[in-house]
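Next comes start36.txt, a file with compact mmCIF, C-alpha atoms and all ligand atoms.
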```txt
# COMPACT_ATOMS: atom_id res chain seq x y z
CA MET C 1 0.00 0.00 0.00
CA ALA C 2 1.19 3.51 -0.70
CA THR C 3 2.06 5.06 2.63
CA THR C 4 2.49 8.57 1.22
CA SER C 5 0.61 11.25 3.11
CA LEU C 6 -1.42 13.50 0.84
CA SER C 7 -1.90 17.08 1.95
CA ALA C 8 -4.54 19.48 0.68
CA ARG C 9 -1.83 21.35 -1.16
CA ALA C 10 -0.72 18.21 -2.97
CA VAL C 11 -4.20 17.71 -4.39
CA ARG C 12 -4.50 21.35 -5.36
CA GLU C 13 -1.20 22.31 -6.87
CA ALA C 14 2.27 21.31 -8.04
CA PRO C 15 5.02 23.34 -9.77
CA ARG C 16 4.20 24.15 -13.41
CA PRO C 17 6.88 22.13 -15.30
CA GLU C 18 6.13 19.10 -13.17
CA VAL C 19 2.42 19.51 -13.83
CA ASP C 20 3.08 19.54 -17.57
CA ALA C 21 5.19 16.39 -17.26
CA LEU C 22 2.42 14.68 -15.28
CA LYS C 23 -0.20 15.69 -17.81
CA ALA C 24 1.74 13.88 -20.50
CA LEU C 25 1.52 10.59 -18.60
CA ASP C 26 -1.28 8.11 -19.12
CA ASP C 27 -3.45 6.88 -16.24
CA SER C 28 -1.51 3.71 -15.58
CA ALA C 29 1.77 5.64 -15.35
CA LEU C 30 0.18 8.01 -12.82
CA VAL C 31 -1.11 5.06 -10.81
CA ALA C 32 2.38 3.53 -10.84
CA ARG C 33 3.89 6.84 -9.72
CA PHE C 34 1.53 7.13 -6.80
CA LEU C 35 2.15 3.56 -5.74
CA ASP C 36 5.87 4.33 -5.88
CA GLY C 37 5.32 7.11 -3.36
CA ASP C 38 4.86 10.16 -5.61
CA ARG C 39 1.68 11.77 -4.36
CA ARG C 40 1.47 14.09 -7.36
CA GLY C 41 0.41 11.07 -9.39
CA PHE C 42 -2.80 11.00 -7.39
CA SER C 43 -3.41 14.74 -7.62
CA GLU C 44 -3.16 14.54 -11.40
CA LEU C 45 -5.70 11.70 -11.42
CA VAL C 46 -8.04 13.91 -9.36
CA GLU C 47 -7.50 16.78 -11.78
CA ARG C 48 -8.14 14.50 -14.73
CA TYR C 49 -11.33 12.85 -13.48
CA GLN C 50 -13.10 15.25 -11.14
CA THR C 51 -15.18 17.08 -13.74
CA ARG C 52 -15.93 13.99 -15.82
CA LEU C 53 -17.07 12.02 -12.79
CA LEU C 54 -19.06 14.93 -11.44
CA ASN C 55 -20.98 15.22 -14.70
CA PHE C 56 -21.52 11.48 -14.91
CA VAL C 57 -22.81 11.21 -11.33
CA TYR C 58 -24.87 14.39 -11.69
CA ARG C 59 -26.57 13.10 -14.86
CA THR C 60 -27.17 9.74 -13.19
CA THR C 61 -28.56 11.03 -9.88
CA GLY C 62 -29.95 14.42 -10.95
CA ASP C 63 -28.59 16.06 -7.77
CA ARG C 64 -25.66 18.45 -8.18
CA GLU C 65 -24.73 18.73 -4.49
CA ARG C 66 -24.94 15.02 -3.75
CA ALA C 67 -23.00 14.32 -6.94
CA GLU C 68 -20.06 16.31 -5.58
CA ASP C 69 -20.13 14.38 -2.29
CA LEU C 70 -20.22 11.11 -4.17
CA VAL C 71 -17.27 12.10 -6.36
CA GLN C 72 -15.29 12.97 -3.22
CA GLU C 73 -16.17 9.57 -1.84
CA THR C 74 -15.06 7.98 -5.10
CA PHE C 75 -11.59 9.54 -4.80
CA ILE C 76 -11.34 8.53 -1.15
CA ARG C 77 -12.03 4.92 -2.13
CA VAL C 78 -9.56 5.10 -4.98
CA TYR C 79 -6.93 6.48 -2.60
CA ARG C 80 -7.55 3.74 -0.05
CA HIS C 81 -7.72 0.85 -2.47
CA LEU C 82 -5.40 1.81 -5.30
CA HIS C 83 -2.82 -0.70 -4.08
CA ARG C 84 -5.36 -3.44 -4.78
CA PHE C 85 -6.19 -2.21 -8.30
CA ASP C 86 -5.25 -4.70 -11.00
CA GLN C 87 -2.90 -2.62 -13.12
CA THR C 88 -3.50 -4.76 -16.19
CA LYS C 89 -7.03 -3.26 -16.26
CA LYS C 90 -8.10 0.18 -17.39
CA PHE C 91 -8.04 2.72 -14.54
CA SER C 92 -10.90 4.77 -16.02
CA THR C 93 -13.21 1.75 -16.04
CA TRP C 94 -12.35 1.05 -12.41
CA ILE C 95 -12.96 4.59 -11.19
CA TYR C 96 -16.24 4.81 -13.14
CA THR C 97 -17.32 1.50 -11.59
CA ILE C 98 -16.76 2.92 -8.11
CA ALA C 99 -18.63 6.13 -8.96
CA SER C 100 -21.43 4.19 -10.65
CA ASN C 101 -21.90 1.94 -7.59
CA LEU C 102 -22.04 4.94 -5.29
CA ALA C 103 -24.63 6.58 -7.55
CA LYS C 104 -26.63 3.35 -7.60
CA ASN C 105 -26.58 3.18 -3.80
CA GLU C 106 -27.69 6.78 -3.61
CA LEU C 107 -30.67 6.06 -5.86
CA ARG C 108 -31.46 2.91 -3.88
CA ASN C 109 -31.46 4.86 -0.62
CA ARG C 110 -33.78 7.44 -2.13
CA SER C 111 -36.15 4.71 -3.28
CA ARG C 112 -36.71 3.68 0.36
CA ASN C 113 -39.49 6.24 0.20
CA PRO C 114 -42.43 4.01 -0.85
CA LEU C 115 -43.80 6.59 -3.28
CA VAL C 116 -40.43 7.02 -5.00
CA LEU C 117 -40.02 3.24 -5.09
CA PHE C 118 -43.45 2.78 -6.65
CA GLN C 119 -42.76 5.41 -9.31
CA ALA C 120 -39.36 3.88 -10.09
CA ILE C 121 -40.82 0.38 -10.43
CA ARG C 122 -43.59 1.66 -12.67
CA LYS C 123 -41.18 3.63 -14.83
CA THR C 124 -38.84 0.66 -15.16
CA TRP C 125 -41.64 -1.76 -15.93
CA GLU C 126 -43.14 0.50 -18.58
CA ALA C 127 -39.78 1.14 -20.19
CA ASP C 128 -38.87 -2.55 -20.28
CA GLN C 129 -42.19 -3.97 -21.42
CA ARG C 130 -43.39 -1.42 -23.94
CA PRO C 131 -42.59 -2.34 -27.55
CA LEU C 132 -40.18 0.01 -29.28
CA GLU C 133 -42.25 2.73 -30.85
CA TRP C 134 -41.81 5.57 -33.23
CA GLU C 135 -44.52 7.87 -34.44
CA ASP C 136 -43.51 10.31 -37.12
CA ASN C 137 -44.77 13.47 -35.50
CA THR C 138 -45.30 16.13 -38.12
CA TYR C 139 -45.29 19.03 -35.62
CA ARG C 140 -42.49 21.48 -36.41
CA PRO C 141 -41.96 24.32 -33.96
CA ASP C 142 -40.69 27.70 -35.05
CA ASP C 143 -37.01 28.33 -34.57
CA LEU C 144 -37.18 30.66 -31.59
CA PHE C 145 -39.42 28.33 -29.61
CA ARG C 146 -37.24 25.39 -30.55
CA LYS C 147 -33.99 26.99 -29.41
CA ARG C 148 -35.50 28.17 -26.17
CA HIS C 149 -36.91 24.83 -25.13
CA LEU C 150 -34.77 22.18 -26.74
CA ARG C 151 -31.93 22.26 -24.21
CA HIS C 152 -34.31 22.09 -21.30
CA LEU C 153 -36.28 19.29 -22.91
CA VAL C 154 -33.17 17.27 -23.73
CA GLU C 155 -31.95 17.62 -20.16
CA SER C 156 -35.23 16.53 -18.66
CA ALA C 157 -35.53 13.69 -21.18
CA VAL C 158 -32.39 12.18 -19.63
CA GLU C 159 -33.83 12.59 -16.14
CA GLU C 160 -37.04 10.91 -17.29
CA LEU C 161 -35.25 7.69 -18.26
CA PRO C 162 -35.50 4.81 -15.77
CA GLU C 163 -32.34 4.61 -13.65
CA HIS C 164 -30.80 1.54 -15.23
CA HIS C 165 -31.40 2.93 -18.74
CA ARG C 166 -30.08 6.34 -17.75
CA ALA C 167 -26.72 5.04 -16.50
CA VAL C 168 -26.11 3.11 -19.73
CA PHE C 169 -27.25 6.04 -21.87
CA VAL C 170 -25.04 8.58 -20.09
CA LEU C 171 -22.01 6.28 -20.18
CA ARG C 172 -22.42 5.75 -23.91
CA GLU C 173 -23.55 9.13 -25.17
CA MET C 174 -21.86 11.52 -22.78
CA GLU C 175 -18.81 9.58 -21.63
CA GLY C 176 -18.17 7.75 -24.90
CA LYS C 177 -17.68 4.36 -23.24
CA THR C 178 -17.70 1.17 -25.31
CA TYR C 179 -20.35 -1.50 -24.76
CA GLU C 180 -17.74 -3.69 -23.06
CA GLU C 181 -16.72 -0.90 -20.67
CA ILE C 182 -20.37 -0.16 -19.88
CA ALA C 183 -20.95 -3.85 -19.15
CA GLU C 184 -18.03 -3.84 -16.73
CA ILE C 185 -18.99 -0.57 -15.04
CA THR C 186 -22.65 -1.48 -14.58
CA GLY C 187 -22.09 -5.19 -13.92
CA CYS C 188 -24.44 -6.20 -16.75
CA ASN C 189 -23.82 -8.52 -19.67
CA LEU C 190 -23.39 -7.17 -23.20
CA GLY C 191 -26.89 -8.19 -24.32
CA THR C 192 -28.43 -6.23 -21.45
CA VAL C 193 -26.31 -3.19 -22.24
CA LYS C 194 -27.42 -3.32 -25.89
CA SER C 195 -31.11 -3.62 -25.12
CA ARG C 196 -31.05 -0.96 -22.38
CA LEU C 197 -29.22 1.47 -24.62
CA ASN C 198 -31.63 0.87 -27.48
CA ARG C 199 -34.65 1.40 -25.23
CA ALA C 200 -33.06 4.49 -23.67
CA ARG C 201 -32.47 6.01 -27.11
CA ASN C 202 -36.02 5.17 -28.12
CA ASN C 203 -37.51 6.82 -25.02
CA PHE C 204 -35.21 9.80 -25.39
CA ALA C 205 -36.26 10.26 -29.04
CA GLN C 206 -39.95 10.08 -28.22
CA ILE C 207 -39.65 12.77 -25.58
CA ILE C 208 -37.67 15.25 -27.65
CA ALA C 209 -39.23 14.54 -31.06
CA PRO C 210 -41.78 17.37 -30.90
CA LEU C 211 -38.94 19.92 -30.85
CA LEU C 212 -36.71 18.33 -33.46
CA GLY C 213 -37.40 18.32 -37.18
CA MET A 1 -34.81 -6.28 -46.69
CA ILE A 2 -35.55 -4.86 -43.27
CA ASP A 3 -38.75 -3.24 -42.05
CA CYS A 4 -39.33 -0.42 -39.55
CA CYS A 5 -39.58 -2.83 -36.60
CA ASP A 6 -36.19 -4.37 -37.44
CA PHE A 7 -34.79 -0.89 -37.81
CA LEU A 8 -35.95 0.21 -34.34
CA ASP A 9 -34.96 -3.10 -32.81
CA ARG A 10 -31.35 -2.94 -33.93
CA TYR A 11 -30.97 0.79 -34.30
CA SER A 12 -28.30 1.09 -31.58
CA GLU A 13 -26.06 -1.44 -33.28
CA PHE A 14 -26.46 0.46 -36.52
CA ARG A 15 -25.73 3.80 -34.88
CA ASP A 16 -22.67 2.43 -33.09
CA GLN A 17 -21.44 0.69 -36.26
CA LEU A 18 -21.59 -2.78 -34.78
CA LEU A 19 -23.46 -4.36 -37.72
CA ASP A 20 -21.67 -6.38 -40.38
CA ALA A 21 -21.31 -4.79 -43.82
CA GLU A 22 -24.36 -6.51 -45.30
CA ASP A 23 -26.74 -5.52 -42.49
CA SER A 24 -25.32 -2.05 -42.37
CA GLU A 25 -26.03 -1.60 -46.09
CA ALA A 26 -29.60 -2.86 -45.60
CA PHE A 27 -30.10 -0.28 -42.84
CA GLU A 28 -28.74 2.50 -45.06
CA ARG A 29 -31.12 1.50 -47.85
CA HIS A 30 -34.05 1.47 -45.43
CA LEU A 31 -33.10 4.94 -44.22
CA GLU A 32 -33.12 6.26 -47.79
CA SER A 33 -36.55 4.85 -48.51
CA CYS A 34 -38.35 5.40 -45.16
CA ASP A 35 -39.10 8.95 -44.03
CA SER A 36 -40.24 7.84 -40.59
CA CYS A 37 -37.03 5.96 -39.71
CA ALA A 38 -34.94 8.71 -41.29
CA ARG A 39 -36.59 11.17 -38.94
CA TYR A 40 -36.00 8.86 -35.98
CA ASP A 41 -32.31 8.81 -36.83
CA ARG A 42 -32.26 12.61 -37.11
CA VAL A 43 -34.05 13.08 -33.80
CA VAL A 44 -31.68 10.77 -31.90
CA SER A 45 -28.61 12.38 -33.48
CA GLY A 46 -29.87 15.94 -33.01
CA GLY A 47 -30.89 15.27 -29.41
CA ILE A 48 -27.52 13.85 -28.54
CA GLU A 49 -25.71 16.74 -30.23
CA THR A 50 -27.74 19.11 -28.08
CA LEU A 51 -27.01 17.04 -25.01
CA LEU A 52 -23.28 17.23 -25.65
CA ARG A 53 -23.48 21.00 -26.02
CA LEU A 54 -25.11 21.45 -22.61
CA PRO A 55 -22.79 23.28 -20.22
CA HIS A 56 -20.79 20.98 -17.97
CA VAL A 57 -21.13 21.24 -14.24
CA THR A 58 -17.80 21.99 -12.63
CA PRO A 59 -16.56 21.07 -9.15
CA SER A 60 -16.82 23.76 -6.47
CA PRO A 61 -13.69 25.90 -6.06
CA ASP A 62 -12.92 24.22 -2.74
CA PHE A 63 -13.38 20.69 -4.06
CA ALA A 64 -9.65 19.84 -4.07
CA ASP A 65 -9.07 21.47 -0.66
CA ARG A 66 -11.87 19.50 0.93
CA LEU A 67 -10.68 16.28 -0.64
CA GLY A 68 -7.10 16.96 0.41
CA SER A 69 -8.20 17.63 4.00
CA ARG A 70 -10.22 14.44 4.14
CA LEU A 71 -7.34 12.40 2.80
CA SER A 72 -4.90 14.03 5.23
CA ARG A 73 -7.20 13.22 8.15
CA MET A 74 -7.48 9.66 6.91
CA ASP A 75 -3.70 9.39 6.73
CA GLU A 76 -3.32 10.82 10.23
CA VAL A 77 -5.78 8.31 11.67
CA LEU A 78 -4.00 5.43 9.97
CA GLU A 79 -0.56 6.71 11.01
CA SER A 80 -1.52 7.37 14.62
CA SER A 81 -3.16 3.98 14.89
CA SER A 82 -0.03 2.30 13.55
CA THR A 83 2.38 4.32 15.80
CA SER A 84 0.24 3.81 18.88
CA GLY A 85 0.81 0.09 18.51
CA ALA A 86 -2.75 -0.75 17.54
CA PRO A 87 -2.74 -2.60 14.27
CA VAL A 88 -4.74 -0.90 11.51
CA ALA A 89 -6.83 -4.04 11.04
CA LEU A 90 -7.76 -3.95 14.70
CA VAL A 91 -8.79 -0.29 14.54
CA ILE A 92 -10.92 -0.99 11.48
CA ALA A 93 -12.42 -4.06 13.13
CA VAL A 94 -13.34 -2.05 16.25
CA ALA A 95 -14.86 0.73 14.12
CA ALA A 96 -16.80 -1.85 12.10
CA THR A 97 -18.11 -3.49 15.27
CA ILE A 98 -19.27 -0.17 16.69
CA GLY A 99 -20.88 0.67 13.36
CA ALA A 100 -22.57 -2.72 13.13
CA ALA A 101 -23.91 -2.42 16.69
CA ALA A 102 -25.35 0.99 15.91
CA TRP A 103 -27.01 -0.28 12.77
CA LEU A 104 -28.08 -3.68 14.00
CA PRO A 105 -31.69 -2.81 14.88
CA ALA A 106 -32.19 -1.15 11.51
CA LEU A 107 -30.64 -4.05 9.63
CA ARG A 108 -32.72 -6.77 11.23
CA GLU A 109 -34.92 -8.17 8.52
CA ASN A 110 -37.42 -9.92 10.78
CA PRO A 111 -37.68 -8.02 14.03
CA GLN A 112 -39.33 -10.06 16.78
CA PRO A 113 -42.78 -8.81 17.83
CA MET A 114 -42.75 -7.10 21.19
CA ARG A 115 -44.50 -9.25 23.80
CA LEU A 116 -46.60 -7.33 26.28
CA PRO A 117 -48.02 -8.75 29.52
CA PRO A 118 -51.69 -9.85 29.33
CA ALA A 119 -54.21 -7.11 30.10
CA PHE A 120 -57.18 -7.77 32.38
CA ALA A 121 -60.44 -5.88 32.30
CA HIS A 122 -63.83 -6.13 33.95
CA ALA A 123 -66.83 -7.04 31.87
CA PRO A 124 -69.00 -4.03 31.00
CA TYR A 125 -71.72 -3.29 33.47
CA HIS A 126 -74.41 -3.66 30.72
CA PRO A 127 -72.74 -6.04 28.25
CA GLN A 128 -75.96 -6.67 26.40
CA LEU A 129 -75.88 -3.08 25.11
CA ILE A 130 -72.36 -3.28 23.69
CA PRO A 131 -71.60 -5.26 20.48
CA MET A 132 -68.37 -7.25 20.81
CA VAL A 133 -65.98 -8.40 18.15
CA LEU A 134 -64.94 -11.82 19.34
CA GLN A 135 -62.70 -12.94 16.53
CA PRO A 136 -61.96 -11.95 12.93
CA GLY A 137 -65.08 -12.17 10.85
CA LEU A 138 -67.43 -12.69 13.78
CA LEU A 139 -69.55 -10.11 15.44
CA ALA A 140 -71.56 -10.96 18.54
CA VAL A 141 -74.57 -8.87 19.39
CA PRO A 142 -77.05 -9.17 22.24
CA ALA A 143 -79.77 -11.71 21.52
CA MET A 144 -82.47 -9.08 21.81
CA TYR A 145 -81.13 -7.50 18.58
CA ALA A 146 -80.68 -10.78 16.72
CA PRO A 147 -83.18 -12.87 14.76
CA ALA A 148 -84.27 -15.83 16.80
CA ASN A 149 -82.90 -18.42 14.34
CA GLY A 150 -79.42 -16.89 14.39
CA SER A 151 -78.79 -17.63 18.04
CA ARG A 152 -75.68 -19.71 18.75
CA ALA A 153 -75.04 -19.19 22.41
CA PRO A 154 -77.02 -18.18 25.45
CA GLY A 155 -77.71 -14.49 25.31
CA PHE A 156 -75.83 -13.85 22.07
CA ALA A 157 -76.04 -14.51 18.35
CA ALA A 158 -72.99 -14.78 16.16
CA TYR A 159 -72.83 -13.25 12.69
CA SER A 160 -70.08 -12.87 10.22
CA LEU A 161 -69.28 -9.26 9.46
CA LEU A 162 -70.15 -9.91 5.83
CA GLY A 163 -73.67 -10.68 6.79
CA THR A 164 -73.69 -14.50 6.46
CA THR A 165 -74.49 -16.54 9.52
CA ALA A 166 -71.39 -17.86 11.22
CA THR A 167 -71.09 -21.61 11.65
CA GLN A 168 -68.74 -21.37 14.59
CA THR A 169 -70.04 -20.70 18.06
CA PRO A 170 -67.94 -18.20 20.00
CA THR A 171 -66.92 -20.08 23.12
CA ARG A 172 -66.20 -17.13 25.38
CA VAL A 173 -69.56 -15.50 24.98
CA THR A 174 -71.10 -17.20 27.97
CA GLN A 175 -68.29 -15.99 30.19
CA ALA A 176 -68.68 -12.45 28.99
CA ALA A 177 -72.44 -12.42 29.36
CA ARG A 178 -73.52 -12.41 32.94
ZN ZN C 301 -38.85 2.56 -41.47
```
Reformat the file's structure so that it appears as structure tokens.
Ligand SMILES: [Zn+2]
Amino acid sequence: MATTSLSARAVREAPRPEVDALKALDDSALVARFLDGDRRGFSELVERYQTRLLNFVYRTTGDRERAEDLVQETFIRVYRHLHRFDQTKKFSTWIYTIASNLAKNELRNRSRNPLVLFQAIRKTWEADQRPLEWEDNTYRPDDLFRKRHLRHLVESAVEELPEHHRAVFVLREMEGKTYEEIAEITGCNLGTVKSRLNRARNNFAQIIAPLLG
Amino acid sequence: MIDCCDFLDRYSEFRDQLLDAEDSEAFERHLESCDSCARYDRVVSGGIETLLRLPHVTPSPDFADRLGSRLSRMDEVLESSSTSGAPVALVIAVAATIGAAAWLPALRENPQPMRLPPAFAHAPYHPQLIPMVLQPGLLAVPAMYAPANGSRAPGFAAYSLLGTTATQTPTRVTQAAR
């Protein structure tokens, strides 16, 4: 285990030329550096992943403040368990798996409210059972209306997706993960990833169609 | 040849270029000839383009400071526990035990029902005026309010709450009725 102590300053800053040198390294080299006792390896990993993870967790949970707490928790777990990380694997998949599990737990805790649980079950059931649909809506909004509302509608369309569809959708469309990486991060098999992604895209399209020509 | 159902069913594989050349060509041909599926493709693509243009949320300015402080505290706890002679595993085990004890009642899946001592009460002074529920589904009422043929026990008649005559005679009625 890396016994290096990591101060607040180490996470925040390092001298410029060293920062540039660190930025040129790939994830596995940074992991190796940290495990060798160079704490700047970890601070560069924080720098590299904090915004990406925050956006991923925020889109998955829909709660900006909680998302930041969960990303902090993700880094704490990475720091504690990095010595156990299999360095033949991809670091980004590992850190996303940790963040994804924390987000999943957060949503599970929220669903302890019976009403939330009921709504989640209904949403999931409807999304899984309904045949894939597409109605060619001929409505075409004027440009001003479209611009004003499209962003908002797209954002809420993601929130509307059932949780297990949303995670797969965000990982694919916003994080650019491959099907194999998504399967590993979410703990699903490839077939499940494919079908969830297809359903998520179908639901997403149906919600936003009225504003897109 | 593929139809619209096939198109929707395997759209993701088409979009992510996971189809073999032959299937991919069939999908392209369908797109050229079907306005509805062409629009579906445009809506998904346009929606995702918009999604990617949404402003990113950024960590709070003190994110790194807070994280650094938490990690430093964690290090200090681990270091002090190792220098004080207490093995880290022991410290963690003690913390886990305390945590488990605190959470135990909440984690119990089948809590035992609380057993209360039996309660004793005197029979009502005018029991014949007070209907009594003797057991689920049975309602005993004073005989004076019951049809003569419904009587099952001295002083009382037993009825199911649904209105059908009960076949079971309440055994404690005679004790209750003085
Ligand atoms: Zn079609």
| Within-6 Å residues of ligand ZN 301 (chain C), basis all atoms listed in the file, as JSON, numbers by chain | {"A": [3, 4, 34, 36, 37]}
| said: Quick check: residues of chain A within 7 Å of chain C, only C-alpha atoms, returned as JSON, numbers by chain. | reply: {"A": [8, 11, 12, 36, 43, 44, 47, 50, 51, 52, 56, 57, 58, 59, 64, 65, 67, 68, 69, 71, 72, 75]}
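Note that atom CA of C:Val168 and atom CA of C:Ile182 are 6.6 Å apart.
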Could you name the residues that touch stretch 87-104 of chain C at 8 Å or less, counting only C-alpha atoms, but leaving out those on the same chain fewer than 3 positions away, as a CSV table (one decimal) with C-alpha atoms, in the coordinates of the input?
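Writing done, so here's result.csv:
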```
chain,number,residue,atom,x,y,z
C,27,ASP,CA,-3.4,6.9,-16.2
C,28,SER,CA,-1.5,3.7,-15.6
C,53,LEU,CA,-17.1,12.0,-12.8
C,57,VAL,CA,-22.8,11.2,-11.3
C,60,THR,CA,-27.2,9.7,-13.2
C,61,THR,CA,-28.6,11.0,-9.9
C,67,ALA,CA,-23.0,14.3,-6.9
C,70,LEU,CA,-20.2,11.1,-4.2
C,71,VAL,CA,-17.3,12.1,-6.4
C,74,THR,CA,-15.1,8.0,-5.1
C,77,ARG,CA,-12.0,4.9,-2.1
C,78,VAL,CA,-9.6,5.1,-5.0
C,107,LEU,CA,-30.7,6.1,-5.9
C,108,ARG,CA,-31.5,2.9,-3.9
C,167,ALA,CA,-26.7,5.0,-16.5
C,181,GLU,CA,-16.7,-0.9,-20.7
C,184,GLU,CA,-18.0,-3.8,-16.7
C,185,ILE,CA,-19.0,-0.6,-15.0
C,186,THR,CA,-22.6,-1.5,-14.6
```
| request: Rounded to one decimal place, report the atom CA of C:Leu45-atom CA of C:Leu30 distance in Å. | output: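 Interatomic distance, atom CA of C:Leu45 to atom CA of C:Leu30: 7.1 Å.
Taking atom CA of C:Leu82 as the reference point, atom CA of C:Leu35 is found at 7.8 Å.
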